[in-house]
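See below for the structure under consideration.
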Amino acid sequence: MNRVDEVLGLAGAEVADVIATAALAPSVHNTQPWRFRLASDRIELHPDLDRHLPATDPENRELRLSCGAALFNTRLALRAHGVKPLVTLLPGSDAPGALATVRRGGSRELDEETRQLIRAVPVRRSNRKPFRDVPVPAGHRQALVRAAERERSWLHVVTDHEDRARLQRLVAKAHGVQAQDPRVRAELGAWTGTRVDDGVPAASAGIRPAPQDEWALRDFHAAERLPGKDYESDPLVVVLCSFYDGPLAELQTGQALQRVLLTATTLGLSVSFMSQAIEVRSVREELRRSLGGGVVPQTVLRIGFGSPVPPTPRRAVTDFLL
Ligand SMILES: Cc1cc2nc3c(=O)[nH]c(=O)nc-3n(C[C@H](O)[C@H](O)[C@H](O)COP(=O)(O)O)c2cc1C
């Protein structure tokens with residue numbers, strides 16, 4: 001890290017830690033589609049468009065959600081180093097092409113909640129394995145809803161039976177559409193299994209999908225399922241939504257996504273995604289209508305008490321620098 005001597009008043013090793021922490025964010029297919037430009041007075045977050053998924057994510061919506069999650073981690077990492085981050089989303093001509101800039105807004109002591117979120121960053125991971133058949137307590141649910149609200153987003157908790165059955169149908173329908181699309185399948189194949197420092201390794205794939213599964217999880221070529229190893233019967237399922245459409249909302253909701261995931265981690269909860277219903281445009285519109293039309297669904301999460309899973313790989317810090 002010798003490109004800039006000092007960034008926001010932090011020394012090289014501290015800046016490297018900020019970028020490494022940012023990169024621990026989740027990203028669609030673990031593409032890690034973010035780059036950072038460092039200057040003495042700001043960190044710029046840029047999309048890495050070489051890593052977009054044209055078939056799965058044609059509008060780069062999930063790419064921006066992923067970058068929003070990395071931005072949330074950047075904010076936390078700066079707080080850990082005593083810097084109060086001042087974020088500008090879509091800064092325009094101030095930083096051409098950037099999704100966000102982060103400047104120093106002074107110094108600030110860490111509060112206990114932020115401290116816990118920071119500790120959760122390296123232990124959070126997507127968990128595609130079956131969860132225990134233990135309901136998520138109401139207090140935990142409320143904490144997750146509050147986490148989304150804190151980042152100006154909305155967490156729709158799927159509680160009633162009809163709502164749940166409808167969402168299950170929508171996820172299955174979108175899953176079926178994607179299974180028939182050779183371009184989507186090719187992208188999944190390209191980011192599964194054999195890559196070194198990105199993509200989804202076999203150890204993180206969960207268990208192989210089976211016809212009896214209530215929720216259609218994405219198949220990252222999981223190992224054969226052992227007899228008796230089925231999914232939990234009643235996970236908490238939520239739809240994370242923004243209040244409007246477009247890149248700004250996606251960056252906002254990406255930050256909310258990460259606050260929700262980290263809050264879940266602090267509560268001992270595991271989470272996996274079911275984004276198919278959002279990725280297939282016609283299904284997303286159906287889902288949006290079913291939510292009343294006032295909010296925009298951005299991602300679907302399955303939440304419960306899971307067993308440990310290994311971390312997914314990340315690229316080196318220098319690979320992320322522009
Ligand atoms: C916007 C977004 C959408 C995602 N959609 C899915 C999905 O539909 N199915 C899935 O299994 N994982 C999904 N993931 C999880 C990523 O595959 C995961 O974050 C990545 O492999 C890195 O692993 P980690 O979360 O354990 O760090 C999604 C992640 C993001 C940020």
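Quick note on naming: the chains in the structure tokens go A, B, ... in the order shown, residues restart at 1 in each chain, and ligands are numbered from 1 in order of appearance.
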
Can I get the residues close to ligand 1 as a list in words, where close means within 7 Å and we count only C-alpha atoms and all ligand atoms?
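Those residues are Leu24, Ala25, Pro26, Ser27, Val28, His29, Asn30, Glu62, Leu63, Leu65, Ser66, Arg124, Arg125, Ser126, Asn127, Arg128, Gly199, Val200, Leu217, Arg218, Ser272, Phe273, Met274, Ser275, Gln276, Thr299, Pro311 and Thr312 of chain A.
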
Spatial neighbours of A:Ala216, max dist 8 Å, only C-alpha atoms, sep filter under 4 positions, as a short mmCIF file (atom, residue, chain, number, x, y, z; two decimals) with C-alpha atoms, in the first residue's frame:
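Final output, part.cif:
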```cif
data_model
loop_
_atom_site.label_atom_id
_atom_site.label_comp_id
_atom_site.auth_asym_id
_atom_site.auth_seq_id
_atom_site.Cartn_x
_atom_site.Cartn_y
_atom_site.Cartn_z
CA GLN A 168 -42.35 -19.65 -2.58
CA VAL A 171 -38.93 -18.01 -6.21
CA ALA A 172 -39.62 -21.41 -7.80
CA HIS A 175 -35.58 -20.44 -10.51
CA PRO A 209 -31.35 -29.11 -4.12
CA MET A 274 -32.88 -16.29 -2.82
#
```

Using only C-alpha atoms: which of A:Pro182, A:Pro58, A:Gly292, A:Pro47 has the shortest distance to A:Phe320
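Using only C-alpha atoms, the shortest distance to A:Phe320 belongs to A:Pro47.
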
Considering only C-alpha atoms, state which residue in the set A:Arg281, A:Arg208, A:Arg259, A:Lys84 is at the smallest distance from A:Pro130.
A:Arg208

Using only C-alpha atoms for the distances, tell me which of A:Asn73, A:Asn60, A:Arg42, A:Arg119 is nearest to A:Asp94.
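Smallest separation from A:Asp94 among the options: A:Arg42.
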
Atom CA of A:Arg37 and atom CA of A:Val87 are how many Å apart?
14.5 Å

Taking only C-alpha atoms into account, name the residue in A:Val295, A:Leu86, A:Leu49, A:Val260 that is nearest to A:Ala148.
A:Val260

Which neighbours of A:Gly106 fall inside 8 Å, counting only C-alpha atoms, when residues of the same chain fewer than 2 positions from it are skipped, and could you give them as a PyMOL selection string?
chain A and resi 83-85+104+108

Ranking A:Ala264, A:Leu10, A:Ala23, A:Ala174 by minimum distance to A:His140 and counting only C-alpha atoms, which one comes first?
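With only C-alpha atoms as the atom set, the closest residue is A:Ala264.
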
When DSSP works through the backbone of this structure, what residues of stretch 124-274 of chain A end up as alpha helix (DSSP H), shown as number ranges by chain?
A: 138-150, 161-179, 182-190, 247-266

I'd like the contact shell of A:Ala202 - 7 Å cut-off, only C-alpha atoms, skipping same-chain residues fewer than 3 positions apart - returned as a tab-separated table (two decimals) with C-alpha atoms, in the first residue's frame.
```
chain	number	residue	atom	x	y	z
A	193	GLY	CA	-16.20	-24.34	-7.72
A	205	ALA	CA	-22.51	-24.59	-1.73
A	220	PHE	CA	-23.64	-24.03	-6.68
A	221	HIS	CA	-22.89	-27.69	-7.48
A	222	ALA	CA	-23.31	-28.84	-3.89
```

Which of stretch 73-131 of chain A fall in strand (DSSP E), as a PyMOL selection string
chain A and resi 83-89+100-107

Each stretch 22-93 of chain A residue no farther than 7 Å from stretch 231-254 of chain A, nearest pair in Å, only C-alpha atoms, as a Markdown table:
```
| residue | atom | partner | partner_atom | distance |
| --- | --- | --- | --- | --- |
| A:Arg61 | CA | A:Glu250 | CA | 6.6 |
| A:Arg64 | CA | A:Leu251 | CA | 5.7 |
| A:Leu65 | CA | A:Gly254 | CA | 4.0 |
| A:Ser66 | CA | A:Gly254 | CA | 6.0 |
| A:Cys67 | CA | A:Gly254 | CA | 6.8 |
| A:Gly68 | CA | A:Gly254 | CA | 3.9 |
| A:Ala69 | CA | A:Gly254 | CA | 4.6 |
| A:Leu89 | CA | A:Leu248 | CA | 6.8 |
| A:Leu90 | CA | A:Leu248 | CA | 7.0 |
```

Could the residues in this selection be written to a file with C-alpha atoms, as a short mmCIF file (atom, residue, chain, number, x, y, z; two decimals), in the first residue's frame?
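What landed in result.cif:
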```
data_model
loop_
_atom_site.label_atom_id
_atom_site.label_comp_id
_atom_site.auth_asym_id
_atom_site.auth_seq_id
_atom_site.Cartn_x
_atom_site.Cartn_y
_atom_site.Cartn_z
CA ARG A 61 -28.59 -3.83 -9.86
CA ARG A 64 -24.59 -1.94 -6.98
CA LEU A 65 -26.19 -3.76 -4.02
CA SER A 66 -22.88 -5.57 -3.54
CA CYS A 67 -20.96 -2.28 -3.75
CA GLY A 68 -23.39 -0.77 -1.22
CA ALA A 69 -22.56 -3.63 1.15
CA LEU A 89 -23.53 8.61 -3.03
CA LEU A 90 -23.23 9.06 -6.81
#
```

Using only C-alpha atoms for the distances, tell me which of A:Ile43, A:Ala22, A:Leu155, A:Ala203 is nearest to A:Val300.
A:Leu155
